[in-house]
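S.K.: File my_file_19.txt below, compact mmCIF, C-alpha atoms:
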# COMPACT_ATOMS: atom_id res chain seq x y z
CA MET A 1 98.00 204.85 131.57
CA GLU A 2 100.79 203.28 133.60
CA ASN A 3 98.42 200.49 134.68
CA ASN A 4 97.56 199.76 131.08
CA ASP A 5 101.24 199.37 130.20
CA GLN A 6 101.74 197.00 133.10
CA ASN A 7 98.75 194.92 132.06
CA THR A 8 100.03 194.77 128.52
CA LYS A 9 103.44 193.56 129.70
CA ILE A 10 101.85 190.99 131.96
CA GLU A 11 99.76 189.72 129.05
CA GLU A 12 102.84 189.56 126.85
CA ILE A 13 104.76 187.67 129.52
CA TYR A 14 101.77 185.36 129.99
CA ALA A 15 101.52 184.76 126.25
CA LEU A 16 105.26 184.14 126.09
CA MET A 17 105.08 181.69 128.99
CA LYS A 18 102.07 180.02 127.38
CA ALA A 19 103.99 179.65 124.13
CA MET A 20 106.98 178.29 126.02
CA MET A 21 104.77 175.79 127.88
CA LYS A 22 103.27 174.73 124.58
CA LYS A 23 106.75 174.22 123.15
CA LEU A 24 107.73 172.31 126.27
CA ASP A 25 104.67 170.10 125.82
CA THR A 26 105.66 169.58 122.20
CA LEU A 27 109.24 168.76 123.19
CA GLU A 28 107.97 166.37 125.84
CA HIS A 29 105.73 164.73 123.25
CA ILE A 30 108.66 164.51 120.82
CA GLU A 31 110.84 163.05 123.58
CA LYS A 32 108.19 160.43 124.29
CA ARG A 33 107.98 159.65 120.58
CA ILE A 34 111.77 159.35 120.38
CA LYS A 35 111.81 157.05 123.40
CA ALA A 36 109.02 154.97 121.83
CA VAL A 37 110.99 154.77 118.57
CA GLU A 38 114.13 153.85 120.51
CA GLN A 39 112.17 151.11 122.28
CA ASP A 40 110.79 149.89 118.95
CA VAL A 41 114.31 149.83 117.52
CA LYS A 42 115.52 147.97 120.60
CA ASP A 43 112.67 145.46 120.30
CA LEU A 44 113.36 145.08 116.58
CA LYS A 45 117.04 144.51 117.29
CA THR A 46 116.12 141.86 119.87
CA SER A 47 113.76 140.23 117.36
CA LEU A 48 116.45 140.28 114.69
CA GLU A 49 118.95 138.73 117.07
CA TYR A 50 116.41 136.04 117.96
CA ALA A 51 115.61 135.50 114.28
CA HIS A 52 119.33 135.26 113.52
CA LEU A 53 119.72 132.62 116.21
CA GLU A 54 116.75 130.74 114.74
CA VAL A 55 118.29 130.95 111.27
CA VAL A 56 121.58 129.64 112.67
CA ASP A 57 119.74 126.76 114.37
CA ILE A 58 117.75 126.00 111.21
CA LYS A 59 120.91 126.09 109.11
CA LYS A 60 122.64 123.78 111.57
CA GLU A 61 119.63 121.43 111.58
CA PHE A 62 119.51 121.54 107.78
CA GLU A 63 123.19 120.62 107.54
CA GLU A 64 122.64 117.75 109.98
CA ASN A 65 119.56 116.59 108.05
CA LYS A 66 121.49 116.95 104.80
CA GLU A 67 124.12 114.56 106.12
CA VAL A 68 121.41 112.14 107.25
CA ILE A 69 119.67 112.40 103.85
CA LEU A 70 122.94 111.78 102.01
CA GLU A 71 123.62 108.81 104.28
CA VAL A 72 120.12 107.42 103.66
CA GLN A 73 120.47 107.97 99.89
CA THR A 74 123.80 106.13 99.94
CA LYS A 75 122.21 103.25 101.86
CA ILE A 76 119.29 103.14 99.41
CA GLN A 77 121.69 103.09 96.45
CA ASN A 78 123.69 100.30 98.10
CA LEU A 79 120.48 98.34 98.78
CA GLU A 80 119.31 98.86 95.18
CA GLU A 81 122.68 97.68 93.88
CA THR A 82 122.59 94.66 96.21
CA ASN A 83 119.01 93.91 95.14
CA ARG A 84 120.00 94.20 91.46
CA LYS A 85 122.87 91.76 91.99
CA ILE A 86 120.56 89.36 93.84
CA GLN A 87 117.99 89.60 91.03
CA ASP A 88 120.73 89.02 88.44
CA ASN A 89 121.92 85.98 90.39
CA ILE A 90 118.36 84.66 90.67
CA THR A 91 117.82 85.19 86.93
CA ASP A 92 121.12 83.43 86.22
CA LEU A 93 120.13 80.49 88.44
CA LYS A 94 116.73 80.31 86.72
CA ALA A 95 118.41 80.36 83.30
CA ARG A 96 120.80 77.59 84.37
CA SER A 97 117.92 75.48 85.69
CA MET A 98 116.13 75.93 82.33
CA ARG A 99 119.21 75.21 80.23
CA ASP A 100 118.08 71.67 79.36
CA ASN A 101 114.42 72.63 78.83
CA LEU A 102 112.30 72.97 75.71
CA LEU A 103 108.80 74.38 75.34
CA PHE A 104 106.29 72.64 73.06
CA PHE A 105 103.33 74.73 71.86
CA ASN A 106 99.88 74.02 70.37
CA ILE A 107 99.75 70.36 71.42
CA SER A 108 96.24 69.11 72.12
CA GLU A 109 95.53 68.82 75.84
CA ASP A 110 93.84 65.74 77.33
CA GLU A 111 92.66 65.40 80.92
CA ASN A 112 94.61 62.24 81.80
CA GLU A 113 97.54 62.73 79.42
CA ASN A 114 101.15 61.65 79.90
CA THR A 115 103.05 64.68 78.59
CA SER A 116 106.36 62.80 78.22
CA GLU A 117 104.68 60.13 76.08
CA THR A 118 103.01 62.90 74.06
CA ILE A 119 106.40 64.49 73.36
CA TYR A 120 108.00 61.16 72.43
CA ASP A 121 105.14 60.60 69.99
CA ILE A 122 105.79 64.01 68.39
CA LEU A 123 109.55 63.36 68.21
CA GLU A 124 109.00 60.08 66.37
CA ASN A 125 105.92 60.75 64.24
CA LYS A 126 106.11 64.50 63.56
CA MET A 127 109.86 65.15 63.64
CA GLY A 128 111.13 61.87 62.24
CA ILE A 129 113.42 60.93 65.15
CA GLU A 130 113.50 57.14 65.12
CA ASP A 131 113.60 55.27 68.44
CA ALA A 132 113.28 58.61 70.27
CA LYS A 133 112.72 56.98 73.68
CA ASN A 134 116.16 55.39 73.56
CA ARG A 135 117.95 58.25 71.82
CA VAL A 136 116.85 61.04 74.16
CA LYS A 137 115.82 60.97 77.81
CA ILE A 138 113.14 63.22 79.27
CA ASP A 139 113.68 63.72 83.00
CA ARG A 140 110.25 65.24 83.53
CA SER A 141 107.58 67.24 81.74
CA HIS A 142 104.35 69.05 82.54
CA ARG A 143 101.93 71.68 81.30
CA LEU A 144 102.63 75.28 82.23
CA GLY A 145 100.04 77.24 84.17
CA LYS A 146 96.84 76.25 85.93
CA PRO A 147 94.38 73.81 84.33
CA THR A 148 91.84 75.58 82.13
CA HIS A 149 88.22 74.90 81.18
CA PRO A 150 87.84 72.16 78.53
CA SER A 151 86.44 74.65 75.99
CA ILE A 152 89.53 76.85 76.36
CA ARG A 153 91.80 73.81 76.52
CA ARG A 154 90.69 72.77 73.03
CA THR A 155 91.31 76.18 71.42
CA LYS A 156 94.40 77.24 73.34
CA PRO A 157 96.23 74.33 74.99
CA ARG A 158 98.85 75.15 77.61
CA PRO A 159 102.51 74.75 76.56
CA ILE A 160 104.42 71.66 77.69
CA VAL A 161 107.82 72.18 79.27
CA ALA A 162 110.17 69.21 79.05
CA LYS A 163 113.47 68.88 80.88
CA PHE A 164 115.94 66.61 79.09
CA ASN A 165 118.62 64.60 80.82
CA PHE A 166 121.40 66.10 78.71
CA PHE A 167 121.88 69.48 77.05
CA GLN A 168 123.04 67.62 73.94
CA ASP A 169 119.62 65.90 73.75
CA ARG A 170 117.91 69.27 73.79
CA GLU A 171 120.12 70.60 70.99
CA PHE A 172 119.65 67.38 69.01
CA ILE A 173 115.88 67.88 69.07
CA ARG A 174 116.17 71.54 68.10
CA LYS A 175 117.95 70.50 64.90
CA TYR A 176 114.79 68.60 63.90
CA ALA A 177 112.46 71.53 64.69
CA ARG A 178 112.26 72.41 60.98
CA LYS A 179 110.33 69.15 60.46
CA LEU A 180 107.41 70.76 62.27
CA LYS A 181 106.98 73.34 59.52
CA GLY A 182 103.42 73.18 58.24
CA THR A 183 102.06 71.93 61.56
CA ARG A 184 100.65 74.01 64.39
CA ILE A 185 103.26 72.65 66.79
CA GLY A 186 106.18 74.87 67.78
CA ILE A 187 109.35 74.43 69.83
CA SER A 188 111.43 77.03 71.65
CA GLU A 189 114.01 77.34 74.38
CA GLN A 190 112.77 78.28 77.84
CA PHE A 191 114.07 81.47 79.46
CA PRO A 192 113.27 83.28 82.72
CA GLU A 193 110.61 86.00 82.39
CA GLU A 194 113.26 88.71 82.89
CA ILE A 195 115.20 87.49 79.85
CA GLU A 196 111.99 86.94 77.86
CA ALA A 197 111.05 90.59 78.44
CA ILE A 198 114.40 91.70 77.02
CA ARG A 199 114.02 89.31 74.06
CA ARG A 200 110.53 90.70 73.32
CA THR A 201 112.01 94.21 73.27
CA LEU A 202 114.87 93.23 70.97
CA TYR A 203 112.84 90.97 68.65
CA PRO A 204 111.49 93.77 66.36
CA GLU A 205 115.03 95.11 65.84
CA MET A 206 116.36 91.61 65.14
CA LYS A 207 113.54 91.08 62.63
CA LYS A 208 114.42 94.36 60.87
CA ALA A 209 118.10 93.42 60.77
CA LYS A 210 117.31 90.03 59.20
CA SER A 211 115.05 91.54 56.54
CA ALA A 212 117.55 94.30 55.68
How does the structure come out when it is put into structure tokens?
M.R.:
Amino acid sequence: MENNDQNTKIEEIYALMKAMMKKLDTLEHIEKRIKAVEQDVKDLKTSLEYAHLEVVDIKKEFEENKEVILEVQTKIQNLEETNRKIQDNITDLKARSMRDNLLFFNISEDENENTSETIYDILENKMGIEDAKNRVKIDRSHRLGKPTHPSIRRTKPRPIVAKFNFFQDREFIRKYARKLKGTRIGISEQFPEEIEAIRRTLYPEMKKAKSA
């Protein structure tokens, strides 16, 4: 009977020790898990610090690039403004060089023609300007554009541009332009293409204003 009691106590102690060992194993496992979590947190903290440094570097680089971009944009704006002024000056010079010019339209085109003589003939016989050769002086004249095929030349002759010696001569001829009414021939001032583009845009509005 006494032996049975001892065996029972031994078994209880063994079971208790076994339970304690199991708990110790569990605690050891938990400790390992905690250490693993602590290491993960440490690694995450290191990664965050590295990421923060990268963000700081990127922000710094962005600010530097922003300054460069602003500088480049300013230079581009300055270049565009300079280019605009140059273009305006070129347009102004073109307009000045064309100040004494007139364009003559729908004048038959001959292969070996003398355009100045053709214009003088129109001034005298179509516009009624007597002794035109002595009253106005043409410095030079020529057809605009490249020579075209004879079949096209007959239906759509190239305009003649004439440069007169004096601005007053040009204006004198313009006063007689009404004499060409009823003919196919037309006369107009010559302007640079840039100004012509603006005039084409404004022409419909000007036409509306006149008819109002």
S.K.: Could you tell me how far CA of Thr82 in chain A lies from CA of Glu64 in chain A, in Å and to one decimal?
M.R.: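 About the pair CA of Thr82 in chain A and CA of Glu64 in chain A: they are 26.9 Å apart.
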S.K.: Rank A:Glu12, A:Glu109, A:Glu194, A:Asp121 by their smallest atom-to-atom distance to Arg158 in chain A, using all atoms listed in the file, and report the top residue only.
M.R.: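 For Arg158 in chain A, the nearest of the candidates is A:Glu109.
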S.K.: Name the closest residue to Phe164 in chain A among the candidates A:Glu80, A:Asp139, A:Glu38, A:Glu11; distances are taken between atoms, counting only C-alpha atoms.
M.R.: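 Smallest separation from Phe164 in chain A among the options: A:Asp139.
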S.K.: Could you tell me how far CA of Thr8 in chain A sits from CA of Met21 in chain A, in Å to one decimal place?
M.R.: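 Straight-line distance from CA of Met21 in chain A to CA of Thr8 in chain A works out to 19.6 Å.
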S.K.: Which residue gives the smallest distance to Pro159 in chain A among A:Leu102, A:Leu180, A:Met127, A:Leu202, with only C-alpha atoms counted?
M.R.: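 So, comparing all the options, the nearest one is A:Leu102.
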